[in-house]
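S.K.: Pasting input_34.cif below, which is mmCIF, C-alpha atoms.
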```
data_entry
loop_
_atom_site.group_PDB
_atom_site.id
_atom_site.type_symbol
_atom_site.label_atom_id
_atom_site.label_comp_id
_atom_site.auth_asym_id
_atom_site.auth_seq_id
_atom_site.Cartn_x
_atom_site.Cartn_y
_atom_site.Cartn_z
ATOM 1 C CA MET A 1 159.950 33.745 150.119
ATOM 2 C CA VAL A 2 159.158 31.384 147.236
ATOM 3 C CA SER A 3 159.714 28.264 149.329
ATOM 4 C CA THR A 4 157.604 29.739 152.143
ATOM 5 C CA GLN A 5 154.732 30.445 149.760
ATOM 6 C CA ARG A 6 154.971 26.973 148.250
ATOM 7 C CA ALA A 7 154.780 25.431 151.697
ATOM 8 C CA ALA A 8 151.816 27.634 152.644
ATOM 9 C CA THR A 9 149.861 26.744 149.494
ATOM 10 C CA ALA A 10 150.638 23.038 149.870
ATOM 11 C CA LYS A 11 149.522 23.166 153.491
ATOM 12 C CA MET A 12 146.248 24.836 152.518
ATOM 13 C CA VAL A 13 145.520 22.212 149.841
ATOM 14 C CA ASP A 14 146.406 19.253 152.040
ATOM 15 C CA TYR A 15 144.490 20.594 155.023
ATOM 16 C CA LEU A 16 141.304 21.553 153.173
ATOM 17 C CA ALA A 17 141.030 18.621 150.757
ATOM 18 C CA ASN A 18 137.931 16.519 151.415
ATOM 19 C CA THR A 19 136.864 18.621 154.418
ATOM 20 C CA GLU A 20 133.288 19.651 155.093
ATOM 21 C CA ILE A 21 134.111 23.361 155.187
ATOM 22 C CA ASN A 22 135.722 23.118 151.745
ATOM 23 C CA SER A 23 132.652 21.333 150.367
ATOM 24 C CA GLN A 24 130.402 24.012 151.835
ATOM 25 C CA ARG A 25 132.478 26.813 150.308
ATOM 26 C CA ILE A 26 132.393 25.222 146.863
ATOM 27 C CA ALA A 27 128.645 24.597 147.148
ATOM 28 C CA ALA A 28 128.163 28.272 148.008
ATOM 29 C CA VAL A 29 130.039 29.316 144.857
ATOM 30 C CA GLU A 30 127.934 26.945 142.747
ATOM 31 C CA SER A 31 124.786 28.375 144.306
ATOM 32 C CA CYS A 32 125.811 31.943 143.488
ATOM 33 C CA PHE A 33 126.258 31.076 139.799
ATOM 34 C CA GLY A 34 123.037 29.071 139.775
ATOM 35 C CA ALA A 35 121.901 26.973 136.830
ATOM 36 C CA SER A 36 123.976 29.052 134.385
ATOM 37 C CA GLY A 37 127.224 27.855 135.969
ATOM 38 C CA GLN A 38 128.977 24.519 135.704
ATOM 39 C CA PRO A 39 129.338 22.133 138.672
ATOM 40 C CA LEU A 40 132.583 22.825 140.503
ATOM 41 C CA ALA A 41 132.759 20.098 143.154
ATOM 42 C CA LEU A 42 135.255 17.338 142.345
ATOM 43 C CA PRO A 43 137.147 14.905 144.603
ATOM 44 C CA GLY A 44 140.370 16.563 145.713
ATOM 45 C CA ARG A 45 139.390 20.020 144.461
ATOM 46 C CA VAL A 46 140.052 22.777 147.004
ATOM 47 C CA LEU A 47 138.845 26.378 147.050
ATOM 48 C CA LEU A 48 141.901 28.319 148.163
ATOM 49 C CA GLY A 49 140.757 31.900 147.880
ATOM 50 C CA GLU A 50 138.299 34.364 146.421
ATOM 51 C CA GLY A 51 137.848 38.052 145.909
ATOM 52 C CA VAL A 52 137.028 40.942 143.639
ATOM 53 C CA LEU A 53 139.491 42.150 141.005
ATOM 54 C CA THR A 54 138.992 44.702 138.273
ATOM 55 C CA LYS A 55 139.278 43.204 134.794
ATOM 56 C CA GLU A 56 140.280 45.469 131.929
ATOM 57 C CA CYS A 57 137.551 45.041 129.307
ATOM 58 C CA ARG A 58 137.460 46.631 125.876
ATOM 59 C CA LYS A 59 135.592 49.763 127.003
ATOM 60 C CA LYS A 60 136.620 50.101 130.654
ATOM 61 C CA ALA A 61 137.782 48.152 133.681
ATOM 62 C CA LYS A 62 134.954 46.279 135.398
ATOM 63 C CA PRO A 63 134.612 44.382 138.681
ATOM 64 C CA ARG A 64 134.747 40.609 138.434
ATOM 65 C CA VAL A 65 134.606 38.017 141.195
ATOM 66 C CA PHE A 66 137.432 35.463 141.070
ATOM 67 C CA PHE A 67 137.744 32.072 142.753
ATOM 68 C CA LEU A 68 141.071 30.265 142.953
ATOM 69 C CA PHE A 69 140.899 26.482 143.202
ATOM 70 C CA ASN A 70 143.946 24.222 143.286
ATOM 71 C CA ASP A 71 143.359 23.239 139.636
ATOM 72 C CA ILE A 72 141.196 25.952 138.042
ATOM 73 C CA LEU A 73 140.587 29.704 138.132
ATOM 74 C CA VAL A 74 136.928 30.734 137.945
ATOM 75 C CA TYR A 75 135.558 34.224 137.408
ATOM 76 C CA GLY A 76 132.259 35.875 136.628
ATOM 77 C CA SER A 77 130.219 39.061 136.636
ATOM 78 C CA ILE A 78 128.737 40.403 139.862
ATOM 79 C CA VAL A 79 124.951 40.737 139.910
ATOM 80 C CA LEU A 80 124.554 40.943 143.699
ATOM 81 C CA SER A 81 127.701 40.787 145.799
ATOM 82 C CA LYS A 82 128.211 37.435 147.564
ATOM 83 C CA ARG A 83 124.781 36.261 146.428
ATOM 84 C CA ARG A 84 124.428 36.191 142.637
ATOM 85 C CA TYR A 85 127.001 35.902 139.852
ATOM 86 C CA ARG A 86 126.728 35.166 136.136
ATOM 87 C CA SER A 87 128.826 34.645 132.976
ATOM 88 C CA GLN A 88 130.996 31.965 134.572
ATOM 89 C CA HIS A 89 134.432 31.385 133.029
ATOM 90 C CA ILE A 90 136.654 28.448 133.983
ATOM 91 C CA ILE A 91 140.393 28.436 133.218
ATOM 92 C CA PRO A 92 142.493 25.286 133.786
ATOM 93 C CA LEU A 93 145.551 26.395 135.747
ATOM 94 C CA GLU A 94 147.989 24.273 133.740
ATOM 95 C CA GLU A 95 147.251 26.629 130.811
ATOM 96 C CA VAL A 96 148.016 29.804 132.778
ATOM 97 C CA THR A 97 151.075 32.011 132.878
ATOM 98 C CA LEU A 98 151.246 35.363 134.679
ATOM 99 C CA GLU A 99 153.002 38.618 133.901
ATOM 100 C CA LEU A 100 153.348 41.522 136.340
ATOM 101 C CA LEU A 101 152.579 44.912 134.809
ATOM 102 C CA PRO A 102 153.498 48.466 135.775
ATOM 103 C CA GLU A 103 150.981 50.914 137.166
ATOM 104 C CA THR A 104 149.131 53.335 134.910
ATOM 105 C CA LEU A 105 147.351 56.596 135.694
ATOM 106 C CA GLN A 106 144.086 54.677 135.864
ATOM 107 C CA ALA A 107 145.072 51.352 137.417
ATOM 108 C CA LYS A 108 147.400 49.938 140.062
ATOM 109 C CA ASN A 109 148.542 46.498 141.202
ATOM 110 C CA ARG A 110 148.117 45.041 137.723
ATOM 111 C CA TRP A 111 149.067 41.718 136.195
ATOM 112 C CA MET A 112 148.187 39.791 133.068
ATOM 113 C CA ILE A 113 146.630 36.335 133.011
ATOM 114 C CA ARG A 114 147.723 34.609 129.813
ATOM 115 C CA THR A 115 146.244 31.470 128.241
ATOM 116 C CA ALA A 116 146.146 30.076 124.721
ATOM 117 C CA ARG A 117 142.475 31.048 124.325
ATOM 118 C CA LYS A 118 142.354 34.380 126.104
ATOM 119 C CA SER A 119 144.664 36.850 127.821
ATOM 120 C CA PHE A 120 143.531 39.762 129.952
ATOM 121 C CA VAL A 121 144.690 42.257 132.584
ATOM 122 C CA VAL A 122 143.400 42.407 136.159
ATOM 123 C CA SER A 123 144.083 44.688 139.127
ATOM 124 C CA ALA A 124 143.948 44.084 142.856
ATOM 125 C CA ALA A 125 142.958 46.648 145.477
ATOM 126 C CA SER A 126 146.432 46.615 147.029
ATOM 127 C CA ASP A 127 149.923 45.424 146.285
ATOM 128 C CA THR A 128 149.616 42.905 149.126
ATOM 129 C CA GLU A 129 146.539 41.362 147.551
ATOM 130 C CA ARG A 130 148.267 41.219 144.169
ATOM 131 C CA GLN A 131 151.219 39.408 145.745
ATOM 132 C CA GLU A 132 148.852 36.904 147.377
ATOM 133 C CA TRP A 133 146.949 36.209 144.178
ATOM 134 C CA VAL A 134 150.066 35.906 142.031
ATOM 135 C CA SER A 135 152.012 33.719 144.451
ATOM 136 C CA HIS A 136 149.097 31.352 145.086
ATOM 137 C CA ILE A 137 148.246 31.061 141.386
ATOM 138 C CA GLU A 138 151.855 30.431 140.399
ATOM 139 C CA GLU A 139 152.243 27.716 143.024
ATOM 140 C CA CYS A 140 149.002 26.039 141.952
ATOM 141 C CA VAL A 141 150.146 26.160 138.334
ATOM 142 C CA ARG A 142 153.470 24.595 139.302
ATOM 143 C CA ARG A 143 151.722 21.786 141.187
ATOM 144 C CA GLN A 144 149.308 21.164 138.314
ATOM 145 C CA LEU A 145 152.114 20.926 135.777
ATOM 146 C CA LEU A 146 153.923 18.435 138.011
ATOM 147 C CA ALA A 147 150.752 16.393 138.455
ATOM 148 C CA THR A 148 149.876 16.315 134.752
ATOM 149 C CA GLY A 149 153.409 16.093 133.375
ATOM 150 C CA ARG A 150 152.661 18.922 130.948
ATOM 151 C CA PRO A 151 155.289 21.510 130.028
ATOM 152 C CA PRO A 152 154.533 25.167 130.793
ATOM 153 C CA SER A 153 152.355 26.865 128.202
ATOM 154 C CA THR A 154 154.285 28.870 125.609
ATOM 155 C CA GLU A 155 151.480 29.962 123.248
ATOM 156 C CA HIS A 156 149.218 32.737 124.464
ATOM 157 C CA ALA A 157 146.399 34.733 122.957
ATOM 158 C CA ALA A 158 147.106 38.418 122.502
ATOM 159 C CA PRO A 159 145.270 40.672 124.961
ATOM 160 C CA TRP A 160 142.846 43.113 123.367
ATOM 161 C CA ILE A 161 143.972 46.714 123.408
ATOM 162 C CA PRO A 162 141.208 48.791 125.074
ATOM 163 C CA ASP A 163 139.020 50.908 122.799
ATOM 164 C CA LYS A 164 140.043 54.118 124.535
ATOM 165 C CA ALA A 165 143.723 53.523 123.746
ATOM 166 C CA THR A 166 143.339 54.922 120.233
ATOM 167 C CA ASP A 167 141.010 57.132 118.185
ATOM 168 C CA ILE A 168 142.343 55.904 114.840
ATOM 169 C CA CYS A 169 142.880 52.502 113.226
ATOM 170 C CA MET A 170 146.150 51.019 114.435
ATOM 171 C CA ARG A 171 146.867 49.482 111.010
ATOM 172 C CA CYS A 172 146.103 52.071 108.346
ATOM 173 C CA THR A 173 146.425 54.991 110.835
ATOM 174 C CA GLN A 174 143.976 56.880 108.595
ATOM 175 C CA THR A 175 140.461 55.890 109.633
ATOM 176 C CA ARG A 176 139.178 57.848 112.620
ATOM 177 C CA PHE A 177 136.648 56.124 114.840
ATOM 178 C CA SER A 178 133.319 57.752 115.619
ATOM 179 C CA ALA A 179 129.756 56.884 116.493
ATOM 180 C CA LEU A 180 129.292 55.726 112.893
ATOM 181 C CA THR A 181 132.742 54.205 112.343
ATOM 182 C CA ARG A 182 133.104 51.463 114.911
ATOM 183 C CA ARG A 183 136.161 49.806 116.327
ATOM 184 C CA HIS A 184 137.017 46.138 115.746
ATOM 185 C CA HIS A 185 139.685 43.914 117.289
ATOM 186 C CA CYS A 186 142.062 41.594 115.488
ATOM 187 C CA ARG A 187 141.840 38.204 117.172
ATOM 188 C CA LYS A 188 145.494 37.465 116.406
ATOM 189 C CA CYS A 189 147.319 40.608 117.605
ATOM 190 C CA GLY A 190 144.605 42.358 119.649
ATOM 191 C CA PHE A 191 144.974 45.679 117.797
ATOM 192 C CA VAL A 192 142.061 48.100 117.433
ATOM 193 C CA VAL A 193 141.323 48.330 113.714
ATOM 194 C CA CYS A 194 138.740 49.615 111.254
ATOM 195 C CA ALA A 195 136.398 47.430 109.188
ATOM 196 C CA GLU A 196 138.405 47.878 105.993
ATOM 197 C CA CYS A 197 141.619 46.760 107.696
ATOM 198 C CA SER A 198 139.967 43.685 109.203
ATOM 199 C CA ARG A 199 137.941 42.167 106.371
ATOM 200 C CA ALA A 200 139.754 38.825 106.558
ATOM 201 C CA ARG A 201 138.506 35.820 108.491
ATOM 202 C CA VAL A 202 141.012 33.178 109.543
ATOM 203 C CA LEU A 203 140.608 29.889 111.363
ATOM 204 C CA LEU A 204 142.500 30.076 114.653
ATOM 205 C CA PRO A 205 141.895 26.642 116.221
ATOM 206 C CA ARG A 206 143.222 27.654 119.640
ATOM 207 C CA LEU A 207 140.593 30.394 119.908
ATOM 208 C CA ALA A 208 137.469 29.090 118.179
ATOM 209 C CA SER A 209 136.078 26.534 115.768
ATOM 210 C CA LYS A 210 134.938 29.188 113.282
ATOM 211 C CA PRO A 211 136.946 31.728 111.253
ATOM 212 C CA LEU A 212 137.638 34.898 113.224
ATOM 213 C CA ARG A 213 138.310 38.496 112.289
ATOM 214 C CA VAL A 214 141.980 39.372 111.805
ATOM 215 C CA CYS A 215 143.716 42.508 110.626
ATOM 216 C CA SER A 216 145.297 42.790 107.188
ATOM 217 C CA LEU A 217 148.848 42.361 108.489
ATOM 218 C CA CYS A 218 148.091 39.236 110.522
ATOM 219 C CA TYR A 219 146.153 37.812 107.575
ATOM 220 C CA ARG A 220 149.141 38.227 105.268
ATOM 221 C CA GLU A 221 151.492 36.710 107.827
ATOM 222 C CA LEU A 222 149.231 33.725 108.461
ATOM 223 C CA ALA A 223 148.622 33.164 104.761
ATOM 224 C CA ALA A 224 152.368 33.212 104.117
ATOM 225 C CA GLN A 225 152.987 30.691 106.901
ATOM 226 C CA LYS A 226 150.405 28.196 105.644
ATOM 227 C CA PRO A 227 149.764 28.780 101.940
ATOM 228 C CA GLU A 228 148.751 25.158 101.414
ATOM 229 C CA GLU A 229 145.806 25.529 103.826
ATOM 230 C CA GLU A 230 144.391 28.391 101.792
ATOM 231 C CA GLY A 231 142.983 26.054 99.167
ATOM 232 C CA ALA A 232 142.541 22.970 101.332
ATOM 233 C CA GLU A 233 139.936 24.668 103.541
ATOM 234 C CA GLY A 234 137.695 25.587 100.616
ATOM 235 C CA GLY A 235 137.797 29.294 101.349
ATOM 236 C CA GLN A 236 136.834 28.964 105.017
ATOM 237 C CA GLY A 237 140.102 27.855 106.573
ATOM 238 C CA ALA A 238 143.264 29.402 107.862
ATOM 239 C CA GLY A 239 143.599 31.625 104.817
ATOM 240 C CA SER A 240 139.944 32.458 104.166
ATOM 241 C CA ARG A 241 138.997 36.016 103.374
ATOM 242 C CA VAL A 242 135.358 37.071 103.154
ATOM 243 C CA PRO A 243 133.466 40.365 102.913
ATOM 244 C CA CYS A 244 133.180 42.153 106.230
ATOM 245 C CA GLY A 245 129.447 41.709 106.593
ATOM 246 C CA ALA A 246 129.251 38.107 105.432
ATOM 247 C CA SER A 247 130.742 36.459 108.502
ATOM 248 C CA SER A 248 129.980 38.854 111.310
ATOM 249 C CA GLY A 249 129.209 36.257 113.962
ATOM 250 C CA ASP A 250 132.595 36.714 115.606
ATOM 251 C CA ASP A 251 131.788 40.369 116.169
ATOM 252 C CA ASP A 252 129.310 39.271 118.821
ATOM 253 C CA ASP A 253 132.374 38.652 120.979
ATOM 254 C CA ASP A 254 133.362 42.308 120.635
ATOM 255 C CA SER A 255 130.670 43.351 123.086
ATOM 256 C CA GLU A 256 130.685 40.247 125.290
ATOM 257 C CA GLU A 257 132.270 42.037 128.236
ATOM 258 C CA ASP A 258 129.868 44.952 127.943
ATOM 259 C CA LYS A 259 126.864 42.615 128.000
ATOM 260 C CA GLU A 260 128.263 40.968 131.138
ATOM 261 C CA GLY A 261 128.431 44.153 133.163
ATOM 262 C CA GLY A 262 125.558 43.558 135.603
ATOM 263 C CA GLY A 263 126.131 44.709 139.150
ATOM 264 C CA ASP A 264 128.402 47.637 138.302
ATOM 265 C CA GLY A 265 125.914 49.967 139.974
ATOM 266 C CA ASP A 266 126.908 48.623 143.397
ATOM 267 C CA TRP A 267 130.561 49.047 142.610
ATOM 268 C CA PRO A 268 132.654 51.837 144.189
ATOM 269 C CA SER A 269 134.726 54.109 142.005
ATOM 270 C CA ARG A 270 138.198 52.948 141.132
ATOM 271 C CA VAL A 271 139.717 55.462 143.537
ATOM 272 C CA GLN A 272 137.616 54.040 146.379
ATOM 273 C CA PHE A 273 138.569 50.518 145.359
ATOM 274 C CA TYR A 274 142.262 51.324 145.737
ATOM 275 C CA ALA A 275 142.034 53.665 148.737
ATOM 276 C CA SER A 276 139.258 52.160 150.821
ATOM 277 C CA GLY A 277 141.561 50.169 153.094
ATOM 278 C CA VAL A 278 139.098 47.284 152.868
ATOM 279 C CA SER A 279 140.364 43.865 151.868
ATOM 280 C CA TRP A 280 138.661 42.703 148.667
ATOM 281 C CA SER A 281 140.233 39.228 148.652
ATOM 282 C CA SER A 282 140.619 36.416 151.172
ATOM 283 C CA PHE A 283 142.527 33.146 151.163
ATOM 284 C CA HIS A 284 141.341 30.215 153.221
ATOM 285 C CA SER A 285 143.187 28.223 155.831
#
```
Hey, can you dump this file as structure tokens for me?
M.R.:
Amino acid sequence: MVSTQRAATAKMVDYLANTEINSQRIAAVESCFGASGQPLALPGRVLLGEGVLTKECRKKAKPRVFFLFNDILVYGSIVLSKRRYRSQHIIPLEEVTLELLPETLQAKNRWMIRTARKSFVVSAASDTERQEWVSHIEECVRRQLLATGRPPSTEHAAPWIPDKATDICMRCTQTRFSALTRRHHCRKCGFVVCAECSRARVLLPRLASKPLRVCSLCYRELAAQKPEEEGAEGGQGAGSRVPCGASSGDDDDDSEEDKEGGGDGDWPSRVQFYASGVSWSSFHS
């Protein structure tokens, strides 16, 4: 099965590379993202497949359009299906590792996409589509690692635990969240925590160039690992700790996925997504 999939992916890449139909498909994707997206056409780049997956965001799962190229994975928010997308994200495939996940009461056909900067969970409409996505991505990753000579990625960002997973702070287990007491996420472990348990800001170079919010436990662990950086960074480095309101810029990321959610009105319910019998993904030949 593995060797068959490898041969199929290799055949697709070799056949489509530098063809007019491939160029037209990539141009169509660029057009859908418009001026807000980055150029995607490069010599030798092939668009292998595309489709809609649900991405588990902090408040709820939302539809996202995904495009698999032989060297990158691109996704964005749906404004108007097949015509207008926004919030383009580009992930180099050599940074990707995948992890299959079990079903939950709310979601099926799940897997996690892990990278050093961001990790998140997606779901396909059917198990067959999940198998196609996973097998094609894994083969493209393997080919990219061979081409670049890089070893497989071993450091991955922690996925954020969804807001609805807990009503209380996962660190102190005392603070109860409400309309007035908001949830925050530790950028190191992904836990849902209260403001008091996440007052520290730490520089995590793999994630951002500015200090990010971390929970009290991760702060202590990081400070113990690199005590010399605490003073060397002048209070803004790996061990920096500042009042909660004084460096709130990273909290803008908390609601990034919610701000992206355009186009959800055209989206069927999750039950319809799984039971419709309609294919939501296609791979080119």
S.K.: Please measure the separation of CA of Ala275 (chain A) and CA of Pro63 (chain A), giving the value in Å to one decimal.
M.R.: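 So the two atoms, CA of Ala275 (chain A) and CA of Pro63 (chain A), lie 15.6 Å apart.
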S.K.: Have a look at A:Ala158, A:Cys189, A:Thr97, A:Leu180 and name the one nearest to Leu145 (chain A); count only C-alpha atoms.
M.R.: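 Smallest distance to Leu145 (chain A) is found for A:Thr97.
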S.K.: The PyMOL selection byres ((chain A and resi 65-79) around 8) - which residues does that actually catch in the file I just gave you? List them as JSON, numbers by chain.
M.R.: {"A": [13, 45, 46, 47, 48, 49, 50, 51, 52, 53, 63, 64, 80, 81, 83, 84, 85, 86, 87, 88, 89, 90, 91, 92, 93, 94, 137, 140, 141, 144, 260, 261, 262, 263, 264]}
S.K.: List the residues sitting within 8 Å of (143.1, 42.3, 130.3) in the file's frame, using all atoms listed in the file, as a PyMOL selection string.
M.R.: chain A and resi 55-57+112-113+119-122+159-160
S.K.: Could you please determine the separation between CA of Ser279 (chain A) and CA of Lys108 (chain A) in Å, to one decimal place?
M.R.: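 One can read the CA of Ser279 (chain A) to CA of Lys108 (chain A) distance as 15.0 Å.
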S.K.: Report, as AutoDock Vina command-line options, the axis-aligned box around all atoms of region 92-109 of chain A present in the file, extended by 6 Å on each side; give centre and edge lengths in Å to one decimal place.
M.R.:
```
--center_x 148.0 --center_y 40.4 --center_z 136.0 --size_x 23.0 --size_y 44.3 --size_z 22.4
```
